[in-house]
file upload-v9.cif (mmCIF, C-alpha atoms)
data_start
loop_
_atom_site.label_atom_id
_atom_site.label_comp_id
_atom_site.auth_asym_id
_atom_site.auth_seq_id
_atom_site.Cartn_x
_atom_site.Cartn_y
_atom_site.Cartn_z
CA MET A 314 69.83 131.40 104.87
CA ALA A 315 73.41 131.97 103.69
CA SER A 316 75.85 129.24 104.59
CA GLN A 317 78.57 130.04 107.10
CA THR A 318 81.63 127.89 106.59
CA ASP A 319 83.71 126.49 109.40
CA LYS A 320 87.26 125.49 108.37
CA SER A 321 88.32 124.21 111.78
CA LEU A 322 87.10 120.65 111.30
CA LEU A 323 89.81 118.52 109.75
CA SER A 324 92.39 116.81 111.93
CA ALA A 325 94.72 113.87 111.47
CA GLU A 326 94.19 110.67 113.39
CA LEU A 327 95.80 111.68 116.67
CA GLU A 328 93.70 109.56 118.99
CA GLU A 329 96.13 109.69 121.90
CA GLU A 330 96.99 113.41 121.78
CA ASP A 331 95.07 115.94 123.82
CA ASP A 332 92.78 118.67 122.44
CA ASP A 333 95.42 121.40 122.70
CA PHE A 334 97.83 119.35 120.57
CA LYS A 335 95.13 118.75 117.94
CA GLN A 336 94.25 122.43 117.82
CA LEU A 337 97.88 123.47 117.35
CA LEU A 338 98.31 120.93 114.55
CA LEU A 339 95.13 122.18 112.89
CA GLN A 340 96.26 125.82 113.05
CA ALA A 341 99.63 124.94 111.54
CA THR A 342 98.01 122.90 108.76
CA GLN A 343 95.61 125.70 107.82
CA LYS A 344 98.46 128.21 107.54
CA ILE A 345 100.50 125.88 105.34
CA GLN A 346 97.54 125.33 102.99
CA SER A 347 97.09 129.07 102.40
CA THR A 348 97.88 130.18 98.84
CA MET A 349 100.47 132.64 97.57
CA PRO A 350 99.81 135.41 95.00
CA SER A 351 100.70 134.81 91.34
CA LEU A 352 103.91 136.53 90.20
CA PRO A 353 106.09 136.66 87.05
CA ALA A 354 107.96 133.45 86.22
CA SER A 355 111.49 134.49 87.33
CA LYS A 356 113.76 137.44 88.10
CA PRO A 357 117.32 138.15 89.29
CA ILE A 358 118.02 139.00 92.93
CA GLN A 359 121.13 140.17 94.81
CA PRO A 360 121.42 138.30 98.14
CA GLN A 361 122.27 140.26 101.28
CA PRO A 362 124.65 138.70 103.86
CA GLY A 363 123.23 137.08 107.00
CA PHE A 364 125.40 134.44 108.71
CA CYS A 365 127.82 131.72 107.61
CA ILE A 366 127.82 128.02 108.54
CA LYS A 367 130.93 125.84 108.48
CA THR A 368 130.50 122.10 107.98
CA HIS A 369 131.97 119.15 106.03
CA ALA A 370 130.69 117.15 103.07
CA GLY A 371 132.41 113.85 102.39
CA SER A 372 135.09 114.08 99.68
CA GLN A 373 134.51 117.83 99.29
CA GLY A 374 135.99 118.39 102.73
CA LYS A 375 135.33 121.76 104.28
CA VAL A 376 132.09 123.44 103.16
CA PHE A 377 130.69 126.88 103.96
CA VAL A 378 127.01 127.78 103.62
CA ASN A 379 126.16 131.48 103.37
CA ILE A 380 122.67 132.09 104.75
CA CYS A 381 121.51 135.23 102.92
CA ARG A 382 118.45 137.47 102.91
CA SER A 383 116.26 139.00 100.23
CA PRO A 384 112.86 140.72 100.23
CA HIS A 385 112.10 138.92 96.94
CA ILE A 386 111.93 135.45 98.50
CA PRO A 387 108.40 134.76 99.84
CA PRO A 388 108.10 133.95 103.55
CA PRO A 389 106.99 130.54 104.81
CA PRO A 390 103.72 130.20 106.77
CA ASP A 391 103.96 132.24 109.98
CA LEU A 392 103.90 129.38 112.48
CA SER A 393 104.44 129.87 116.16
CA ARG A 394 107.08 127.83 117.98
CA GLN A 395 104.33 125.68 119.53
CA GLU A 396 102.80 124.99 116.11
CA LEU A 397 106.17 123.95 114.65
CA GLU A 398 106.86 121.69 117.64
CA CYS A 399 103.42 120.16 117.13
CA LEU A 400 104.14 119.41 113.46
CA ILE A 401 107.48 117.81 114.33
CA GLU A 402 105.90 115.62 117.05
CA SER A 403 103.20 114.46 114.62
CA ASP A 404 105.80 113.49 111.94
CA SER A 405 104.33 116.18 109.64
CA ALA A 406 107.29 118.58 109.63
CA SER A 407 107.86 117.90 105.91
CA SER A 408 104.61 119.74 105.17
CA PHE A 409 106.20 122.98 106.45
CA ARG A 410 107.83 124.26 103.26
CA ILE A 411 110.41 127.05 103.61
CA PRO A 412 110.88 129.00 100.35
CA MET A 413 114.60 129.36 99.66
CA SER A 414 116.98 129.74 96.74
CA LEU A 415 119.90 127.28 96.70
CA GLY A 416 122.79 128.77 94.74
CA GLU A 417 125.45 126.94 92.71
CA PRO A 418 128.66 125.88 94.49
CA HIS A 419 131.61 128.29 94.15
CA ALA A 420 135.27 127.62 94.96
CA GLU A 421 136.82 129.86 97.64
CA LEU A 422 139.87 130.07 99.91
CA ASP A 423 139.51 129.84 103.68
CA ASN A 424 141.49 131.87 106.23
CA SER A 425 144.42 129.46 105.92
CA GLY A 426 144.56 129.80 102.14
CA ASN A 427 143.19 126.31 101.56
CA GLY A 428 140.57 125.55 98.94
CA CYS A 429 136.97 125.10 100.03
CA THR A 430 133.45 125.13 98.60
CA ALA A 431 130.75 127.67 99.44
CA TYR A 432 127.02 127.67 98.77
CA ASP A 433 124.59 130.58 99.03
CA VAL A 434 121.12 129.93 100.49
CA VAL A 435 118.69 132.87 100.27
CA ILE A 436 115.57 133.25 102.43
CA ASN A 437 113.01 135.96 103.17
CA PHE A 438 114.13 139.03 105.16
CA GLY A 439 111.36 138.69 107.75
CA PHE A 440 111.89 134.96 108.20
CA PHE A 441 115.63 135.60 108.70
CA SER A 442 114.77 137.97 111.57
CA LYS A 443 112.61 135.22 113.08
CA LEU A 444 115.58 132.83 112.96
CA GLU A 445 117.77 135.34 114.74
CA ALA A 446 115.17 135.76 117.48
CA ASP A 447 114.42 132.06 118.08
CA PRO A 448 117.22 129.42 118.24
CA PHE A 449 114.64 126.62 117.83
CA PHE A 450 113.55 127.94 114.42
CA LYS A 451 117.18 128.63 113.52
CA ASP A 452 118.32 125.08 114.22
CA PHE A 453 115.32 123.64 112.38
CA PHE A 454 115.98 125.85 109.34
CA ILE A 455 119.69 124.95 109.21
CA MET A 456 118.77 121.26 109.22
CA VAL A 457 116.30 121.84 106.35
CA ALA A 458 118.81 123.96 104.36
CA LEU A 459 121.60 121.36 104.70
CA GLU A 460 119.23 118.59 103.65
CA GLY A 461 118.14 120.69 100.65
CA LEU A 462 121.75 121.18 99.53
CA ALA A 463 122.49 117.48 100.05
CA ASP A 464 119.51 116.48 97.89
CA LYS A 465 120.15 119.03 95.14
CA TYR A 466 123.88 118.43 94.75
CA THR A 467 124.02 114.76 95.87
CA MET A 468 126.57 115.30 98.60
CA ASP A 469 127.01 113.88 102.08
CA VAL A 470 126.64 116.86 104.40
CA ASN A 471 127.62 116.04 107.97
CA HIS A 472 124.52 117.54 109.65
CA PRO A 473 125.56 117.31 113.32
CA ASP A 474 129.02 118.72 112.59
CA TRP A 475 128.25 122.36 111.80
CA ARG A 476 128.80 125.67 113.50
CA ILE A 477 127.98 129.32 112.84
CA LEU A 478 131.02 131.55 112.34
CA LYS A 479 131.09 134.39 114.86
CA ASN A 480 133.14 136.98 112.98
CA ARG A 481 132.19 136.30 109.38
CA LYS A 482 128.80 136.82 107.73
CA PHE A 483 129.71 135.11 104.45
CA MET A 484 132.50 133.26 102.68
CA GLY A 485 133.71 134.47 99.28
CA THR A 486 131.50 136.59 97.03
CA LEU A 487 127.70 136.66 97.04
CA SER A 488 126.61 136.37 93.42
CA GLU A 489 123.31 137.35 91.84
CA GLN A 490 120.76 134.54 91.64
CA THR A 491 117.77 134.02 89.38
CA ILE A 492 114.70 132.82 91.25
CA ARG A 493 111.29 131.49 90.30
CA THR A 494 108.61 133.83 91.51
CA LYS A 495 105.81 131.32 90.91
CA SER A 496 105.93 128.81 93.74
CA ARG A 497 105.49 125.12 93.13
CA PRO A 498 102.43 123.59 94.81
CA VAL A 499 103.00 121.39 97.84
CA ILE A 500 101.20 118.61 95.93
CA GLN A 501 102.11 118.45 92.21
CA GLU A 502 99.12 117.81 89.98
CA VAL A 503 99.35 115.85 86.74
CA ALA A 504 99.20 118.27 83.81
CA GLY A 505 95.74 118.47 82.33
CA SER A 506 94.11 116.40 85.08
CA SER A 507 90.52 117.19 86.02
CA PRO A 508 89.12 117.16 89.56
CA VAL A 509 87.74 113.80 90.67
CA VAL A 510 84.53 113.42 92.66
CA PRO A 511 85.27 110.79 95.32
CA LYS A 512 82.84 108.04 96.29
CA PHE A 513 80.87 108.80 99.43
CA THR A 514 77.90 107.72 101.52
CA ILE A 515 75.78 109.74 103.94
CA ARG A 516 73.43 108.17 106.44
CA ALA A 517 71.19 109.59 109.15
CA GLU A 518 71.48 108.42 112.74
CA PRO A 519 69.42 107.06 114.35
CA ALA A 520 67.90 105.23 111.42
CA GLY A 521 64.32 105.43 112.68
CA GLY A 522 62.63 108.75 113.51
CA PRO A 523 64.04 112.28 113.25
CA PRO A 524 67.86 112.11 112.84
CA ASP A 525 70.19 113.56 115.48
CA PHE A 526 73.20 113.68 113.19
CA LEU A 527 74.49 112.73 109.74
CA LEU A 528 77.51 110.49 109.20
CA ALA A 529 79.42 110.93 105.92
CA GLU A 530 82.08 108.47 104.77
CA ILE A 531 84.23 109.74 101.89
CA HIS A 532 86.60 107.30 100.17
CA LEU A 533 89.98 108.85 99.23
CA PRO A 534 92.23 105.96 98.13
CA ARG A 535 95.14 108.14 96.97
CA VAL A 536 95.34 110.32 100.09
CA GLY A 537 97.93 109.42 102.71
CA SER A 538 97.29 112.10 105.33
CA ALA A 539 94.61 114.54 106.46
CA LEU A 540 97.16 117.31 105.86
CA GLU A 541 96.51 116.95 102.11
CA LEU A 542 92.83 117.87 102.48
CA SER A 543 90.74 121.00 102.94
CA LEU A 544 87.27 120.53 104.45
CA GLU A 545 84.57 123.18 104.88
CA LEU A 546 81.08 122.78 106.32
CA GLY A 547 78.19 125.18 105.94
CA GLN A 548 74.73 124.87 107.35
CA ASP A 549 73.65 122.84 104.31
CA ARG A 550 76.90 122.02 102.46
CA VAL A 551 79.98 119.81 102.63
CA VAL A 552 82.94 120.97 100.53
CA LEU A 553 86.11 118.85 100.31
CA ARG A 554 89.17 119.49 98.14
CA GLY A 555 92.75 118.24 97.96
CA GLY A 556 94.74 115.09 97.36
CA PRO A 557 96.89 114.16 94.35
CA ASP A 558 94.03 113.40 91.92
CA PRO A 559 92.82 116.14 92.89
CA TYR A 560 89.53 115.46 94.68
CA ASP A 561 86.68 117.97 94.54
CA LEU A 562 83.42 117.32 96.37
CA ASP A 563 80.55 119.76 96.96
CA ILE A 564 77.45 118.19 98.53
CA TYR A 565 74.11 119.84 99.32
CA ILE A 566 72.69 118.60 102.65
CA PRO A 567 68.88 118.75 103.01
CA HIS A 568 69.20 119.47 106.73
CA ASP A 569 70.45 122.33 108.88
CA ILE A 570 73.69 120.98 110.30
CA ILE A 571 75.73 122.59 113.08
CA PRO A 572 79.25 123.19 111.67
CA GLU A 573 80.82 124.29 114.96
CA HIS A 574 79.81 121.01 116.66
CA SER A 575 80.83 118.78 113.75
CA CYS A 576 84.03 116.73 113.65
CA ALA A 577 86.08 114.84 111.08
CA ARG A 578 88.69 112.10 111.19
CA PHE A 579 90.82 110.58 108.44
CA HIS A 580 91.62 106.86 108.81
CA ARG A 581 94.94 106.06 107.15
CA GLY A 582 94.36 102.32 107.07
CA THR A 583 91.16 102.57 105.01
CA SER A 584 91.77 106.01 103.40
CA VAL A 585 88.27 107.02 104.49
CA LEU A 586 87.36 110.44 105.83
CA THR A 587 84.50 110.25 108.33
CA VAL A 588 82.51 113.41 109.04
CA LYS A 589 79.99 113.53 111.87
CA MET A 590 77.49 116.43 111.57
CA PRO A 591 74.89 117.15 114.27
CA ILE A 592 71.55 118.41 112.98
CA GLN A 593 69.64 121.40 114.28
CA PRO A 594 66.67 120.09 116.27
CA GLN A 595 63.32 120.62 114.60
CA LEU A 596 61.02 122.96 116.48
CA GLY A 597 57.55 121.58 117.05
CA PRO A 598 54.32 123.52 116.51
CA PRO A 599 53.70 126.33 119.05
#

call {"tool": "encode", "arguments": {"input": "upload-v9.cif", "output": "structure tokens"}}
result
Amino acid sequence: MASQTDKSLLSAELEEEDDDFKQLLLQATQKIQSTMPSLPASKPIQPQPGFCIKTHAGSQGKVFVNICRSPHIPPPPDLSRQELECLIESDSASSFRIPMSLGEPHAELDNSGNGCTAYDVVINFGFFSKLEADPFFKDFFIMVALEGLADKYTMDVNHPDWRILKNRKFMGTLSEQTIRTKSRPVIQEVAGSSPVVPKFTIRAEPAGGPPDFLLAEIHLPRVGSALELSLELGQDRVVLRGGPDPYDLDIYIPHDIIPEHSCARFHRGTSVLTVKMPIQPQLGPP
């Protein structure tokens, strides 16, 4: 019989959250782990105006950030507001990567004729529309964009002290940018590294007589969170991939397991993934 995989098994160790919270976190994680198509290495784009943010950055003084749009920037995973809130509450918001192009700083003059610095940040057209429709996503994105500029250009952006200009969509001139069209993976792999088969044990429970379920323990010492992993169960297979090594495990199970009733939990303290798999009951003779 052909195996039917069930990808809705892996969840982080959220022992005190309810089932709805776990399900939302799982849905968000699965969307983030989806792959993007392969594209040419780079190409020039012309940003389109969106809205302009005014803030301050230490010794640079007044700073303007032009939030621009382009159809050539890939969209982030299409999370719902509930899914994003769930990621933030679980301290996993950093796994939600927003593709954006951070342009070089350019000197401009503000309305008073004083010197200032402007930066152009380009995002996907569709995602920009989502920001305009949902203030929660908009505020979250602005925080991420300001942190990205601060990291890239080593400047002290005053995050709480920003506002969106009402009558101006951009400051200065929007210049052409060159973007990578091949996205970087969320987890960078060491060049030339080969997949690693992790250590694991599988035991039947109860030990005596026909087993009711199988219990697999997979040791993943370099994994820090369940969000790094992808787990699939078929009726007679366990497939696990992910982690920085990367790990790659494909096990044949000599029993008919029930994927939809199986569950998995990653224990951060021991870096062990435990998978509990109920077994189809054996039918006796007629």

call {"tool": "axis_aligned_box", "arguments": {"input": "upload-v9.cif", "around": "range 452-457 of chain A", "padding_each_side": "3 Å", "output": "AutoDock Vina command-line options"}}
result
--center_x 117.5 --center_y 123.6 --center_z 110.3 --size_x 10.4 --size_y 10.6 --size_z 13.9

call {"tool": "residues_around", "arguments": {"input": "upload-v9.cif", "residues": "range 444-450 of chain A", "least_positions_apart": "5", "cutoff": "10 Å", "atoms": "only C-alpha atoms", "output": "list in words"}}
result
Gly363, Phe364, Leu392, Ser393, Arg394, Leu397, Glu398, Gly439, Ile455 and Met456 of chain A

call {"tool": "closest_residue", "arguments": {"input": "upload-v9.cif", "among": "A:Ala370, A:Val585, A:Ile411, A:Leu422", "to": "Val435 in chain A", "atoms": "all atoms listed in the file"}}
result
A:Ile411

call {"tool": "resolve_selection", "arguments": {"input": "upload-v9.cif", "expression": "the PyMOL selection byres ((chain A and resi 485) around 6)", "output": "mmCIF file with C-alpha atoms, in the frame of the given file"}}
result
data_model
loop_
_atom_site.group_PDB
_atom_site.id
_atom_site.type_symbol
_atom_site.label_atom_id
_atom_site.label_comp_id
_atom_site.auth_asym_id
_atom_site.auth_seq_id
_atom_site.Cartn_x
_atom_site.Cartn_y
_atom_site.Cartn_z
ATOM 1 C CA GLU A 421 136.820 129.860 97.640
ATOM 2 C CA MET A 484 132.500 133.260 102.680
ATOM 3 C CA THR A 486 131.500 136.590 97.030
#

call {"tool": "closest_residue", "arguments": {"input": "upload-v9.cif", "among": "A:Gly555, A:Gly428, A:Pro567, A:Gly537", "to": "Gly374 in chain A", "atoms": "only C-alpha atoms"}}
result
A:Gly428

call {"tool": "resolve_selection", "arguments": {"input": "upload-v9.cif", "expression": "the PyMOL selection byres ((chain A and resi 564) around 6)", "output": "ChimeraX atom specification"}}
result
/A:550-551,563,565

call {"tool": "residues_around", "arguments": {"input": "upload-v9.cif", "residues": "Ile571 in chain A", "least_positions_apart": "4", "cutoff": "10 Å", "atoms": "all atoms listed in the file", "output": "list in words"}}
result
Gln317, Asp319, Phe526, Leu546, Gly547, Gln548, Asp549, Ser575, Met590, Pro591, Ile592, Gln593 and Pro594 of chain A

call {"tool": "atom_distance", "arguments": {"input": "upload-v9.cif", "atom1": "CA of Pro360 in chain A", "atom2": "CA of Arg382 in chain A"}}
result
5.7 Å

call {"tool": "residues_near_point", "arguments": {"input": "upload-v9.cif", "point": "(84.3, 119.6, 96.9)", "cutoff": "6 Å", "atoms": "only C-alpha atoms", "output": "list of chain:residue names"}}
result
A:Val552, A:Leu553, A:Arg554, A:Asp561, A:Leu562, A:Asp563

call {"tool": "write_last_selection", "arguments": {"input": "upload-v9.cif", "atoms": "C-alpha atoms", "output": "mmCIF file, in the frame of the given file"}}
result
data_model
loop_
_atom_site.group_PDB
_atom_site.id
_atom_site.type_symbol
_atom_site.label_atom_id
_atom_site.label_comp_id
_atom_site.auth_asym_id
_atom_site.auth_seq_id
_atom_site.Cartn_x
_atom_site.Cartn_y
_atom_site.Cartn_z
ATOM 1 C CA VAL A 552 82.940 120.970 100.530
ATOM 2 C CA LEU A 553 86.110 118.850 100.310
ATOM 3 C CA ARG A 554 89.170 119.490 98.140
ATOM 4 C CA ASP A 561 86.680 117.970 94.540
ATOM 5 C CA LEU A 562 83.420 117.320 96.370
ATOM 6 C CA ASP A 563 80.550 119.760 96.960
#

call {"tool": "atom_distance", "arguments": {"input": "upload-v9.cif", "atom1": "CA of Leu487 in chain A", "atom2": "CA of Asp423 in chain A"}}
result
15.2 Å

call {"tool": "residues_around", "arguments": {"input": "upload-v9.cif", "residues": "range 516-522 of chain A", "least_positions_apart": "2", "cutoff": "12 Å", "atoms": "all atoms listed in the file", "output": "list in words"}}
result
Phe513, Thr514, Pro524, Asp525, Phe526, Leu527, Leu528, Ala529, Glu530, Ile531, Ile566, Pro567, His568, Ile570, Thr587, Val588, Lys589, Met590, Pro591, Ile592 and Gln595 of chain A

call {"tool": "atom_distance", "arguments": {"input": "upload-v9.cif", "atom1": "CA of Leu533 in chain A", "atom2": "CA of Pro511 in chain A"}}
result
6.4 Å

call {"tool": "closest_residue", "arguments": {"input": "upload-v9.cif", "among": "A:Ser355, A:Val376, A:Asp433, A:Phe440", "to": "Lys482 in chain A", "atoms": "all atoms listed in the file"}}
result
A:Asp433

call {"tool": "residues_around", "arguments": {"input": "upload-v9.cif", "residues": "Ala458 in chain A", "least_positions_apart": "5", "cutoff": "12 Å", "atoms": "all atoms listed in the file", "output": "VMD selection string"}}
result
chain A and resid 366 378 to 381 410 to 416 432 to 436 451 to 453 463 to 465 470 472
